file data_26.cif (mmCIF, C-alpha atoms and all ligand atoms)
data_query
#
loop_
_atom_site.label_atom_id
_atom_site.label_comp_id
_atom_site.auth_asym_id
_atom_site.auth_seq_id
_atom_site.Cartn_x
_atom_site.Cartn_y
_atom_site.Cartn_z
CA MET N 1 87.64 74.18 123.09
CA ASN N 2 90.31 73.99 120.37
CA LYS N 3 91.93 77.24 119.40
CA LYS N 4 90.99 78.44 115.93
CA THR N 5 93.80 78.82 113.42
CA ILE N 6 93.80 81.88 111.21
CA LEU N 7 95.85 82.16 108.02
CA VAL N 8 97.05 85.76 107.64
CA THR N 9 98.25 86.56 104.12
CA GLY N 10 100.62 89.53 104.12
CA GLY N 11 101.04 89.06 107.87
CA ALA N 12 104.48 90.68 107.97
CA GLY N 13 103.17 93.98 106.57
CA TYR N 14 102.02 97.11 108.37
CA ILE N 15 98.43 96.09 109.11
CA GLY N 16 99.16 92.34 109.03
CA SER N 17 101.77 92.50 111.80
CA HIS N 18 99.35 94.41 114.03
CA ALA N 19 96.68 91.83 113.24
CA CYS N 20 99.07 89.03 114.24
CA VAL N 21 99.59 90.67 117.64
CA GLU N 22 95.87 91.08 118.22
CA LEU N 23 95.03 87.56 117.04
CA LEU N 24 97.73 85.93 119.17
CA GLN N 25 96.73 87.96 122.22
CA THR N 26 93.07 87.04 121.65
CA GLY N 27 94.00 83.34 121.69
CA PHE N 28 94.09 82.34 118.03
CA ASN N 29 96.81 80.26 116.40
CA VAL N 30 98.29 82.25 113.54
CA VAL N 31 99.85 81.08 110.28
CA VAL N 32 101.41 83.77 108.08
CA VAL N 33 102.14 83.60 104.37
CA ASP N 34 104.22 86.49 103.06
CA ASN N 35 106.74 86.89 100.24
CA PHE N 36 108.36 89.93 101.97
CA SER N 37 107.95 92.00 98.80
CA ASN N 38 107.01 94.98 101.00
CA SER N 39 108.04 93.88 104.49
CA LYS N 40 110.80 92.27 106.50
CA PRO N 41 110.95 89.14 108.69
CA GLU N 42 111.97 91.43 111.55
CA SER N 43 108.34 92.56 111.91
CA LEU N 44 107.37 89.01 112.88
CA ARG N 45 110.25 88.79 115.35
CA ARG N 46 108.80 91.95 116.92
CA VAL N 47 105.36 90.30 117.03
CA HIS N 48 107.00 87.57 119.09
CA ALA N 49 108.73 90.13 121.29
CA ILE N 50 105.38 91.80 122.06
CA THR N 51 103.27 88.69 122.55
CA GLY N 52 105.74 85.96 123.53
CA LEU N 53 104.11 83.92 120.75
CA SER N 54 105.11 83.25 117.16
CA PRO N 55 103.02 82.81 114.06
CA THR N 56 103.98 79.84 111.88
CA LEU N 57 105.63 81.42 108.84
CA TYR N 58 105.42 80.31 105.21
CA GLN N 59 107.67 82.51 103.11
CA ALA N 60 105.86 82.22 99.81
CA ASP N 61 104.00 84.17 97.16
CA ILE N 62 100.23 83.68 97.28
CA ARG N 63 100.37 83.15 93.49
CA ASP N 64 102.45 79.99 94.07
CA LYS N 65 99.77 77.28 93.79
CA GLN N 66 102.00 74.49 95.08
CA ALA N 67 103.09 76.51 98.12
CA LEU N 68 99.46 77.29 99.01
CA SER N 69 98.38 73.70 98.47
CA ASP N 70 101.22 72.51 100.77
CA LEU N 71 100.24 75.11 103.37
CA PHE N 72 96.59 74.02 103.44
CA ALA N 73 97.68 70.37 103.55
CA ASN N 74 100.00 70.98 106.53
CA GLU N 75 97.81 73.32 108.57
CA THR N 76 94.19 73.07 109.70
CA ILE N 77 93.00 76.55 108.81
CA ASP N 78 89.64 77.79 110.08
CA ALA N 79 89.59 81.21 108.41
CA VAL N 80 91.77 83.47 106.28
CA ILE N 81 92.47 87.18 106.70
CA HIS N 82 93.75 88.35 103.34
CA PHE N 83 96.05 91.38 103.51
CA ALA N 84 98.62 90.40 100.85
CA GLY N 85 98.60 92.92 98.03
CA LEU N 86 100.30 95.91 96.52
CA LYS N 87 98.87 99.23 97.65
CA ALA N 88 100.56 102.28 96.08
CA VAL N 89 98.09 104.20 93.91
CA GLY N 90 100.72 106.05 91.82
CA GLU N 91 102.70 102.87 91.15
CA SER N 92 99.50 101.08 90.14
CA CYS N 93 98.95 103.68 87.41
CA GLN N 94 102.48 103.03 86.08
CA GLN N 95 102.37 99.24 86.45
CA PRO N 96 98.73 98.17 86.17
CA LEU N 97 99.56 94.61 85.04
CA THR N 98 101.76 94.08 88.08
CA TYR N 99 98.92 95.26 90.32
CA TYR N 100 96.19 93.17 88.67
CA ASN N 101 98.49 90.13 88.64
CA ASN N 102 99.49 90.43 92.29
CA ASN N 103 96.18 91.55 93.74
CA VAL N 104 93.50 89.94 91.53
CA TYR N 105 95.30 86.83 90.27
CA GLY N 106 96.88 86.32 93.70
CA THR N 107 93.41 86.35 95.26
CA LEU N 108 92.12 83.85 92.68
CA VAL N 109 94.94 81.43 93.51
CA LEU N 110 94.19 81.86 97.21
CA LEU N 111 90.44 81.26 96.70
CA GLU N 112 91.08 78.11 94.65
CA ALA N 113 93.39 76.76 97.34
CA MET N 114 90.80 77.60 100.00
CA GLU N 115 88.03 75.91 98.04
CA ALA N 116 90.16 72.80 97.48
CA ALA N 117 90.83 72.66 101.23
CA ASN N 118 87.17 73.39 102.04
CA VAL N 119 88.19 76.52 103.99
CA LYS N 120 85.47 79.05 103.25
CA GLN N 121 85.75 81.84 105.81
CA LEU N 122 87.48 84.96 104.56
CA ILE N 123 88.06 88.52 105.75
CA PHE N 124 89.30 90.70 102.87
CA SER N 125 91.19 94.02 103.08
CA SER N 126 89.25 96.33 100.84
CA SER N 127 89.51 100.09 100.81
CA ALA N 128 87.40 103.24 100.84
CA THR N 129 89.04 103.84 97.49
CA VAL N 130 86.38 101.53 95.90
CA TYR N 131 83.82 104.35 96.35
CA GLY N 132 85.74 106.45 93.80
CA GLU N 133 84.40 109.95 93.34
CA ALA N 134 81.14 109.62 95.23
CA THR N 135 79.15 112.84 95.30
CA CYS N 136 78.49 112.77 99.04
CA GLN N 137 81.15 113.10 101.75
CA GLN N 138 80.04 110.44 104.19
CA TYR N 139 80.29 107.01 102.60
CA ALA N 140 77.87 104.22 103.50
CA GLU N 141 78.29 100.67 102.22
CA ASP N 142 75.34 100.85 99.83
CA LEU N 143 76.86 103.65 97.72
CA SER N 144 77.60 102.53 94.18
CA LEU N 145 81.26 101.71 93.60
CA GLY N 146 83.51 103.37 91.03
CA ALA N 147 87.23 103.14 91.76
CA ILE N 148 89.29 105.54 89.67
CA ASN N 149 92.77 103.96 89.49
CA PRO N 150 94.18 100.45 88.92
CA TYR N 151 94.85 99.87 92.64
CA GLY N 152 91.28 100.77 93.53
CA ARG N 153 89.89 98.79 90.60
CA SER N 154 91.89 95.73 91.72
CA LYS N 155 90.09 95.99 95.09
CA GLN N 156 86.72 96.48 93.42
CA MET N 157 87.31 93.50 91.09
CA ILE N 158 88.20 91.31 94.07
CA GLU N 159 85.04 92.45 95.86
CA ASP N 160 83.02 91.51 92.74
CA ILE N 161 84.71 88.10 92.55
CA LEU N 162 83.95 87.45 96.21
CA ARG N 163 80.29 88.47 95.82
CA ASP N 164 80.05 86.08 92.83
CA VAL N 165 81.68 83.24 94.76
CA SER N 166 79.21 83.71 97.59
CA ALA N 167 76.22 84.01 95.23
CA ALA N 168 77.25 80.77 93.50
CA ASP N 169 76.71 78.91 96.77
CA LYS N 170 72.98 79.56 96.54
CA ILE N 171 72.75 78.29 92.94
CA ASN N 172 74.91 75.26 93.70
CA HIS N 173 72.94 74.55 96.83
CA ALA N 174 69.66 74.52 94.89
CA SER N 175 70.96 72.16 92.19
CA PHE N 176 72.68 69.95 94.78
CA MET N 177 69.40 69.62 96.68
CA ARG N 178 67.60 68.55 93.48
CA THR N 179 70.14 65.85 92.60
CA ASN N 180 71.37 64.69 96.02
CA ASP N 181 68.31 64.67 98.20
CA LEU N 182 69.60 61.89 100.37
CA LEU N 183 73.18 63.04 100.84
CA PRO N 184 74.17 64.65 104.14
CA HIS N 185 74.38 68.43 104.18
CA ARG N 186 77.93 68.54 105.41
CA GLN N 187 79.27 68.77 101.83
CA LEU N 188 77.52 72.13 101.56
CA ARG N 189 79.93 74.33 103.49
CA LYS N 190 79.11 77.91 102.46
CA TRP N 191 81.41 80.83 101.81
CA LYS N 192 81.34 83.36 104.65
CA ILE N 193 83.06 86.52 103.48
CA VAL N 194 83.56 89.92 105.08
CA LEU N 195 84.83 92.80 102.97
CA LEU N 196 86.37 95.45 105.20
CA ARG N 197 86.67 98.86 103.57
CA TYR N 198 89.42 100.68 105.41
CA PHE N 199 89.53 104.45 105.56
CA ASN N 200 92.99 105.91 106.42
CA PRO N 201 94.90 103.64 108.82
CA ILE N 202 97.70 105.39 110.73
CA GLY N 203 99.45 104.98 114.09
CA ALA N 204 101.32 102.03 115.49
CA HIS N 205 101.21 99.51 118.31
CA GLU N 206 101.60 101.29 121.66
CA SER N 207 104.81 99.32 122.38
CA GLY N 208 106.55 101.29 119.61
CA MET N 209 107.95 97.99 118.32
CA ILE N 210 105.91 97.57 115.16
CA GLY N 211 104.66 100.20 112.74
CA GLU N 212 104.58 101.31 109.13
CA ASP N 213 107.94 100.96 107.39
CA PRO N 214 107.54 102.47 103.92
CA ASN N 215 110.03 101.77 101.15
CA GLY N 216 111.65 104.96 99.85
CA ILE N 217 109.93 108.32 100.05
CA PRO N 218 106.45 107.90 101.54
CA ASN N 219 103.35 108.90 99.56
CA ASN N 220 100.94 108.98 102.45
CA LEU N 221 100.60 111.92 104.78
CA LEU N 222 101.55 110.56 108.19
CA PRO N 223 104.65 108.56 107.15
CA TYR N 224 105.84 111.73 105.40
CA ILE N 225 105.22 113.89 108.48
CA LEU N 226 107.11 111.36 110.64
CA GLN N 227 110.16 111.59 108.39
CA VAL N 228 110.07 115.39 108.37
CA ALA N 229 109.79 115.38 112.16
CA SER N 230 112.76 113.04 112.48
CA GLY N 231 114.88 115.10 110.06
CA LYS N 232 115.00 112.48 107.28
CA LEU N 233 113.00 114.68 104.92
CA ALA N 234 113.28 118.46 104.76
CA GLN N 235 109.74 119.66 104.15
CA LEU N 236 106.19 118.44 103.78
CA SER N 237 104.15 119.63 100.81
CA VAL N 238 100.52 120.21 101.72
CA TRP N 239 98.77 119.24 98.50
CA GLY N 240 96.31 122.12 98.10
CA ASP N 241 94.75 124.65 100.46
CA ASP N 242 91.95 125.70 98.14
CA TYR N 243 89.54 122.79 98.63
CA PRO N 244 85.99 123.59 99.75
CA THR N 245 86.78 122.40 103.29
CA ARG N 246 86.89 124.26 106.62
CA ASP N 247 90.59 125.22 106.23
CA GLY N 248 91.04 124.52 102.51
CA THR N 249 93.09 121.33 102.97
CA GLY N 250 91.95 117.77 102.31
CA ILE N 251 89.88 115.97 104.95
CA ARG N 252 90.13 112.22 105.63
CA ASP N 253 88.89 109.70 108.18
CA TYR N 254 92.03 108.56 110.03
CA ILE N 255 91.81 105.36 112.05
CA HIS N 256 94.29 103.88 114.52
CA VAL N 257 95.74 100.66 113.10
CA VAL N 258 95.02 98.83 116.38
CA ASP N 259 91.34 99.84 116.19
CA LEU N 260 91.37 98.66 112.58
CA VAL N 261 92.74 95.20 113.37
CA LYS N 262 90.28 94.85 116.25
CA GLY N 263 87.60 95.21 113.55
CA HIS N 264 88.99 92.02 112.00
CA ILE N 265 88.64 90.13 115.29
CA LYS N 266 85.03 91.31 115.49
CA ALA N 267 84.49 90.25 111.88
CA LEU N 268 85.83 86.76 112.65
CA ALA N 269 83.34 86.50 115.50
CA ALA N 270 80.52 87.66 113.21
CA LEU N 271 81.27 84.81 110.80
CA ASP N 272 80.00 82.45 113.51
CA GLY N 273 76.83 84.50 114.04
CA GLU N 274 73.38 84.67 112.51
CA GLN N 275 74.30 87.10 109.69
CA PHE N 276 76.53 84.45 108.16
CA ALA N 277 74.77 81.27 109.29
CA THR N 278 73.77 80.27 105.77
CA GLY N 279 76.73 81.86 103.99
CA ASN N 280 77.06 85.50 103.00
CA CYS N 281 79.36 88.18 101.59
CA LYS N 282 79.01 91.58 103.28
CA ALA N 283 80.96 94.82 103.19
CA TYR N 284 81.63 97.00 106.25
CA ASN N 285 83.33 100.37 106.52
CA LEU N 286 86.09 100.60 109.10
CA GLY N 287 86.47 104.27 109.89
CA ALA N 288 85.90 106.69 112.75
CA GLY N 289 83.01 108.48 111.07
CA MET N 290 84.67 111.90 111.19
CA GLY N 291 87.39 113.67 109.30
CA TYR N 292 90.53 115.68 110.04
CA SER N 293 92.21 118.10 107.64
CA VAL N 294 95.89 118.03 106.71
CA LEU N 295 96.40 121.12 108.88
CA ASP N 296 94.57 119.43 111.80
CA ILE N 297 97.05 116.56 111.53
CA ILE N 298 100.08 118.87 111.42
CA ASN N 299 98.86 121.02 114.31
CA THR N 300 97.91 118.07 116.49
CA PHE N 301 101.19 116.32 115.74
CA GLU N 302 103.12 119.43 116.80
CA LYS N 303 101.03 119.72 119.97
CA VAL N 304 101.40 116.10 121.12
CA THR N 305 105.06 115.58 120.18
CA GLY N 306 106.50 119.07 120.62
CA ARG N 307 108.14 118.71 117.17
CA ALA N 308 107.70 121.44 114.57
CA ILE N 309 106.76 120.34 111.05
CA ASN N 310 108.32 122.34 108.25
CA TYR N 311 105.68 122.54 105.51
CA LYS N 312 104.72 124.52 102.45
CA ILE N 313 101.46 124.81 100.55
CA ALA N 314 101.77 123.15 97.13
CA PRO N 315 99.33 122.55 94.23
CA ARG N 316 96.66 119.85 94.56
CA ARG N 317 97.73 116.22 93.96
CA ALA N 318 96.01 114.64 90.95
CA GLY N 319 93.28 112.20 91.94
CA ASP N 320 92.74 113.60 95.45
CA LEU N 321 89.24 114.33 96.71
CA ALA N 322 88.42 117.26 98.99
CA GLU N 323 86.74 115.42 101.82
CA TYR N 324 85.34 112.03 102.72
CA PHE N 325 84.78 109.95 105.80
CA ALA N 326 83.05 106.75 106.79
CA ASN N 327 79.56 106.06 107.92
CA PRO N 328 80.57 103.32 110.38
CA ALA N 329 77.02 102.57 111.62
CA LEU N 330 76.80 99.14 109.99
CA ALA N 331 80.03 97.92 111.61
CA LEU N 332 78.67 99.11 114.96
CA ALA N 333 75.28 97.44 114.47
CA GLU N 334 76.43 94.12 113.02
CA LEU N 335 80.05 93.67 114.15
CA ASN N 336 79.69 95.52 117.45
CA TRP N 337 82.80 97.49 116.48
CA HIS N 338 83.71 101.15 116.82
CA THR N 339 86.94 103.08 117.13
CA GLU N 340 88.31 103.61 120.64
CA LYS N 341 91.44 105.66 120.06
CA ASN N 342 91.58 109.34 119.19
CA LEU N 343 93.84 111.44 116.99
CA ASP N 344 96.27 112.18 119.86
CA ASP N 345 96.70 108.40 120.39
CA MET N 346 97.31 107.83 116.69
CA LEU N 347 99.98 110.52 116.45
CA ILE N 348 101.70 109.75 119.79
CA ASP N 349 101.92 106.05 118.92
CA ALA N 350 103.14 106.73 115.39
CA TRP N 351 105.83 109.06 116.72
CA ARG N 352 106.93 106.52 119.34
CA TRP N 353 107.41 103.93 116.57
CA GLN N 354 109.31 106.43 114.39
CA SER N 355 111.59 107.74 117.13
CA ASN N 356 112.38 104.22 118.42
CA ASN N 357 113.01 102.97 114.86
CA PRO N 358 114.32 105.84 112.73
CA GLU N 359 115.40 103.36 110.04
CA GLY N 360 112.25 101.22 110.32
CA TYR N 361 113.09 97.52 110.66
CA GLU N 362 116.63 97.93 109.26
P1 LIG H 1 101.86 96.27 103.41
O1 LIG H 1 102.49 96.43 102.08
O2 LIG H 1 102.58 96.76 104.60
O3 LIG H 1 101.51 94.73 103.66
C1 LIG H 1 101.20 93.84 102.60
C2 LIG H 1 101.98 92.57 102.84
O4 LIG H 1 101.66 91.64 101.80
C3 LIG H 1 103.51 92.79 102.79
O5 LIG H 1 104.10 92.13 103.88
C4 LIG H 1 103.92 92.14 101.47
O6 LIG H 1 105.23 91.63 101.53
C5 LIG H 1 102.87 91.06 101.32
N1 LIG H 1 102.58 90.66 99.93
C6 LIG H 1 102.29 91.45 98.88
N2 LIG H 1 102.06 90.70 97.79
C7 LIG H 1 102.21 89.40 98.16
C8 LIG H 1 102.11 88.16 97.48
N3 LIG H 1 101.83 88.10 96.18
N4 LIG H 1 102.33 87.03 98.17
C9 LIG H 1 102.63 87.07 99.49
N5 LIG H 1 102.75 88.22 100.20
C10 LIG H 1 102.53 89.37 99.53
O7 LIG H 1 100.40 96.92 103.32
P2 LIG H 1 99.37 97.23 104.47
O8 LIG H 1 99.33 98.70 104.65
O9 LIG H 1 99.62 96.38 105.63
O10 LIG H 1 98.02 96.83 103.75
C11 LIG H 1 97.47 95.53 103.90
C12 LIG H 1 96.25 95.42 102.98
O11 LIG H 1 95.31 96.42 103.33
C13 LIG H 1 96.58 95.59 101.52
O12 LIG H 1 95.80 94.68 100.77
C14 LIG H 1 96.13 97.01 101.23
O13 LIG H 1 95.75 97.19 99.89
C15 LIG H 1 94.94 97.14 102.16
N6 LIG H 1 94.69 98.54 102.53
C16 LIG H 1 95.67 99.27 103.12
C17 LIG H 1 95.45 100.60 103.43
C18 LIG H 1 96.54 101.44 104.05
O14 LIG H 1 96.40 102.66 104.08
N7 LIG H 1 97.61 100.87 104.57
C19 LIG H 1 94.20 101.18 103.14
C20 LIG H 1 93.21 100.39 102.57
C21 LIG H 1 93.45 99.07 102.26
C1 LIG H 2 95.72 107.37 99.55
C2 LIG H 2 95.23 106.77 98.26
C3 LIG H 2 94.14 105.77 98.59
C4 LIG H 2 94.68 104.71 99.53
C5 LIG H 2 95.20 105.40 100.79
C6 LIG H 2 95.83 104.44 101.76
C7 LIG H 2 95.60 108.48 96.54
C8 LIG H 2 94.95 109.44 95.62
N1 LIG H 2 94.75 107.83 97.38
O1 LIG H 2 94.61 107.96 100.18
O2 LIG H 2 93.68 105.15 97.40
O3 LIG H 2 93.65 103.79 99.90
O4 LIG H 2 96.20 106.36 100.42
O5 LIG H 2 97.00 103.88 101.25
O6 LIG H 2 96.79 108.29 96.52
N2 LIG H 2 98.75 114.87 101.67
C9 LIG H 2 99.54 116.00 101.65
N3 LIG H 2 100.89 115.84 101.52
C10 LIG H 2 101.49 114.62 101.39
C11 LIG H 2 100.67 113.46 101.44
C12 LIG H 2 99.30 113.62 101.55
O7 LIG H 2 99.04 117.10 101.75
O8 LIG H 2 102.73 114.54 101.25
C13 LIG H 2 97.30 115.03 101.84
C14 LIG H 2 96.48 114.48 100.70
O9 LIG H 2 96.27 115.44 99.71
C15 LIG H 2 95.19 114.06 101.43
C16 LIG H 2 95.66 113.68 102.84
O10 LIG H 2 96.95 114.28 102.99
O11 LIG H 2 94.32 115.16 101.55
C17 LIG H 2 95.82 112.19 103.03
O12 LIG H 2 96.64 111.67 101.99
P1 LIG H 2 97.17 110.16 102.00
O13 LIG H 2 97.75 109.83 103.30
O14 LIG H 2 98.03 109.98 100.78
O15 LIG H 2 95.85 109.30 101.86
P2 LIG H 2 94.67 109.42 100.77
O16 LIG H 2 95.00 110.35 99.70
O17 LIG H 2 93.40 109.62 101.51
#
call {"tool": "encode", "arguments": {"input": "data_26.cif", "output": "structure tokens"}}
result
Amino acid sequence: MNKKTILVTGGAGYIGSHACVELLQTGFNVVVVDNFSNSKPESLRRVHAITGLSPTLYQADIRDKQALSDLFANETIDAVIHFAGLKAVGESCQQPLTYYNNNVYGTLVLLEAMEAANVKQLIFSSSATVYGEATCQQYAEDLSLGAINPYGRSKQMIEDILRDVSAADKINHASFMRTNDLLPHRQLRKWKIVLLRYFNPIGAHESGMIGEDPNGIPNNLLPYILQVASGKLAQLSVWGDDYPTRDGTGIRDYIHVVDLVKGHIKALAALDGEQFATGNCKAYNLGAGMGYSVLDIINTFEKVTGRAINYKIAPRRAGDLAEYFANPALALAELNWHTEKNLDDMLIDAWRWQSNNPEGYE
């Protein structure tokens, strides 16, 4: 059987590079398109060092219509995993147009190129952030959505676009059947779309060769802890210890990045299954289904690495919620996916990446 070829947008990034490793090791051909706006080519050299295999690289912006058209003309793509996007919440509030242009317009250009090439299988990187300020703590996929910042809204808009694109198949199919009764059905390839709502991805590949390489001072908890532990930053601020949680600090559902990318492999397999046989667009949470507090993370990190974390309690960060975590039951039932790694694994692997690469990919 021919190997399937997967186009990975944003494949040089944190999650994308881990996905490349997993895809190559599973036996897929991989084509990457990345403009290196938030990554470095070195990450793909490391993918080769881990797997002995190289993705085919197109250094291009997904908003470049000609570049995408050339890519789809040169490569026989079976499915696309779409990671390319900007992801910093604070920056999205300062530069909303940049975020909508990159994330929403970029996705439109990608979808048009896919449609023109008749490639209609897509896995999209969504985020738990689309749930906004839900009133419950455990999020299931059927909660109503209500993102509260431009980054989150860009994800929610893309989800809406993808649901519309999938729904249009049914309308177009009905009118096609009325007017083209005698034509073969092969023209009717349907969109098969999986929306994966990530909770909090952390950790790194167990080789310590690829990991998260943030630009400047990190916003997210674990990258910040890693830089305090390695002496690059002096002190962690714990944003609030007066939340209604078991120790007063914020609780999140942390997921090992390797477990996360394995969810994408399972999603690719599901596209060939019954759920998607006649086209579909479905969302799945990728999370562990349980939460850890900021103090849990600090204490566990100290335990597994032997490194002390200098921290202080600071006021709450605007926009933060007290506690939420995934209901991952649907991903288990329909994708046959669940997390395998625990918090110790996540923190040990993240620390291995940080201590082997104190300057990231520099
Ligand atoms: P990342 O910034 O490390 O990777 C994104 C990659 O996309 C980078 O290599 C960047 O250079 C590339 N890129 C950005 N805009 C592009 C464009 N217009 N054209 C071509 N390449 C472009 O981010 P990540 O953490 O790997 O996240 C991947 C995806 O997952 C993003 O869409 C992000 O919003 C989503 N996500 C991430 C998290 C998280 O915590 N990391 C959580 C939820 C969702
Ligand atoms: C943040 C984004 C979210 C995005 C996710 C992954 C906000 C409000 N939310 O989620 O939209 O999908 O990153 O990129 O930015 N914390 C500290 N000190 C720090 C950093 C974080 O105490 O220096 C705490 C936070 O208050 C939170 C927890 O650690 O309770 C996790 O924070 P973080 O890693 O930034 O992720 P989220 O806020 O969950």
call {"tool": "residues_around", "arguments": {"input": "data_26.cif", "residues": "range 324-333 of chain N", "least_positions_apart": "5", "cutoff": "9 Å", "atoms": "only C-alpha atoms", "output": "PyMOL selection string"}}
result
chain N and resi 128+134+136-141+198-199+250-254+263+267+284-291+338
call {"tool": "residues_near_ligand", "arguments": {"input": "data_26.cif", "ligand": "ligand LIG 2 (chain H)", "cutoff": "7 Å", "atoms": "only C-alpha atoms and all ligand atoms", "output": "list in words"}}
result
Lys87, Ala88, Val89, Gly90, Ser127, Ala128, Thr129, Gly152, Asn200, Asn219, Asn220, Leu221, Leu222, Tyr224, Leu236, Ser237, Val238, Trp239, Gly240, Thr249, Gly250, Ile251, Arg252, Val294, Arg316, Arg317, Gly319, Asp320 and Ala322 of chain N
call {"tool": "residues_near_ligand", "arguments": {"input": "data_26.cif", "ligand": "ligand LIG 1 (chain H)", "cutoff": "8 Å", "atoms": "only C-alpha atoms and all ligand atoms", "output": "PyMOL selection string"}}
result
chain N and resi 9-17+33-40+59-63+82-88+102-103+106+124-129+151+155+197-202+212-214+220
call {"tool": "residues_around", "arguments": {"input": "data_26.cif", "residues": "range 295-300 of chain N", "least_positions_apart": "3", "cutoff": "8 Å", "atoms": "only C-alpha atoms", "output": "list of chain:residue names"}}
result
N:Ile225, N:Asp247, N:Thr249, N:Tyr292, N:Lys303, N:Val304, N:Ile309, N:Leu343, N:Asp344, N:Leu347
call {"tool": "atom_distance", "arguments": {"input": "data_26.cif", "atom1": "CA of Lys312 in chain N", "atom2": "CA of Val257 in chain N"}}
result
27.6 Å
call {"tool": "residues_around", "arguments": {"input": "data_26.cif", "residues": "Ala79 in chain N", "least_positions_apart": "4", "cutoff": "10 Å", "atoms": "all atoms listed in the file", "output": "list of chain:residue names"}}
result
N:Lys4, N:Thr5, N:Ile6, N:Leu7, N:Val8, N:Met114, N:Val119, N:Lys120, N:Gln121, N:Leu122, N:Ile123, N:Lys192, N:Ile193, N:Leu268, N:Leu271
call {"tool": "atom_distance", "arguments": {"input": "data_26.cif", "atom1": "CA of Val258 in chain N", "atom2": "CA of Ile158 in chain N"}}
result
24.5 Å
call {"tool": "closest_residue", "arguments": {"input": "data_26.cif", "among": "N:Ala277, N:Leu71, N:Val21, N:Ala168", "to": "Ala204 in chain N", "atoms": "all atoms listed in the file"}}
result
N:Val21
call {"tool": "atom_distance", "arguments": {"input": "data_26.cif", "atom1": "CA of Glu112 in chain N", "atom2": "CA of Lys65 in chain N"}}
result
8.8 Å
call {"tool": "residues_around", "arguments": {"input": "data_26.cif", "residues": "Pro150 in chain N", "least_positions_apart": "6", "cutoff": "6 Å", "atoms": "all atoms listed in the file", "output": "JSON, numbers by chain"}}
result
{"N": [92, 93, 96]}
call {"tool": "write_last_selection", "arguments": {"input": "data_26.cif", "atoms": "C-alpha atoms", "output": "mmCIF file, in the frame of the given file"}}
result
data_model
loop_
_atom_site.group_PDB
_atom_site.id
_atom_site.type_symbol
_atom_site.label_atom_id
_atom_site.label_comp_id
_atom_site.auth_asym_id
_atom_site.auth_seq_id
_atom_site.Cartn_x
_atom_site.Cartn_y
_atom_site.Cartn_z
ATOM 1 C CA SER N 92 99.500 101.080 90.140
ATOM 2 C CA CYS N 93 98.950 103.680 87.410
ATOM 3 C CA PRO N 96 98.730 98.170 86.170
#
call {"tool": "closest_residue", "arguments": {"input": "data_26.cif", "among": "N:Leu111, N:Ala116, N:Ile265, N:Ala174", "to": "Cys20 in chain N", "atoms": "all atoms listed in the file"}}
result
N:Ile265
call {"tool": "closest_residue", "arguments": {"input": "data_26.cif", "among": "N:Ile217, N:Leu335, N:Leu260, N:Ile50", "to": "Gly273 in chain N", "atoms": "all atoms listed in the file"}}
result
N:Leu335
call {"tool": "closest_residue", "arguments": {"input": "data_26.cif", "among": "N:Gln66, N:Asn74, N:Gln227, N:Gln94", "to": "Asn149 in chain N", "atoms": "all atoms listed in the file"}}
result
N:Gln94
call {"tool": "residues_near_point", "arguments": {"input": "data_26.cif", "point": "(96.3, 83.2, 122.8)", "cutoff": "10 Å", "atoms": "all atoms listed in the file", "output": "list in words"}}
result
Lys3, Lys4, Val21, Glu22, Leu23, Leu24, Gln25, Thr26, Gly27, Phe28, Asn29, Val30, Thr51, Gly52 and Leu53 of chain N
call {"tool": "write_last_selection", "arguments": {"input": "data_26.cif", "atoms": "C-alpha atoms", "output": "PDB file, keeping the file's coordinate frame"}}
result
ATOM      1  CA  LYS N   3      91.930  77.240 119.400  1.00  0.00           C
ATOM      2  CA  LYS N   4      90.990  78.440 115.930  1.00  0.00           C
ATOM      3  CA  VAL N  21      99.590  90.670 117.640  1.00  0.00           C
ATOM      4  CA  GLU N  22      95.870  91.080 118.220  1.00  0.00           C
ATOM      5  CA  LEU N  23      95.030  87.560 117.040  1.00  0.00           C
ATOM      6  CA  LEU N  24      97.730  85.930 119.170  1.00  0.00           C
ATOM      7  CA  GLN N  25      96.730  87.960 122.220  1.00  0.00           C
ATOM      8  CA  THR N  26      93.070  87.040 121.650  1.00  0.00           C
ATOM      9  CA  GLY N  27      94.000  83.340 121.690  1.00  0.00           C
ATOM     10  CA  PHE N  28      94.090  82.340 118.030  1.00  0.00           C
ATOM     11  CA  ASN N  29      96.810  80.260 116.400  1.00  0.00           C
ATOM     12  CA  VAL N  30      98.290  82.250 113.540  1.00  0.00           C
ATOM     13  CA  THR N  51     103.270  88.690 122.550  1.00  0.00           C
ATOM     14  CA  GLY N  52     105.740  85.960 123.530  1.00  0.00           C
ATOM     15  CA  LEU N  53     104.110  83.920 120.750  1.00  0.00           C
TER      16      LEU N  53
END
call {"tool": "closest_residue", "arguments": {"input": "data_26.cif", "among": "N:His264, N:Arg246, N:Arg352, N:Arg189", "to": "His205 in chain N", "atoms": "only C-alpha atoms"}}
result
N:Arg352
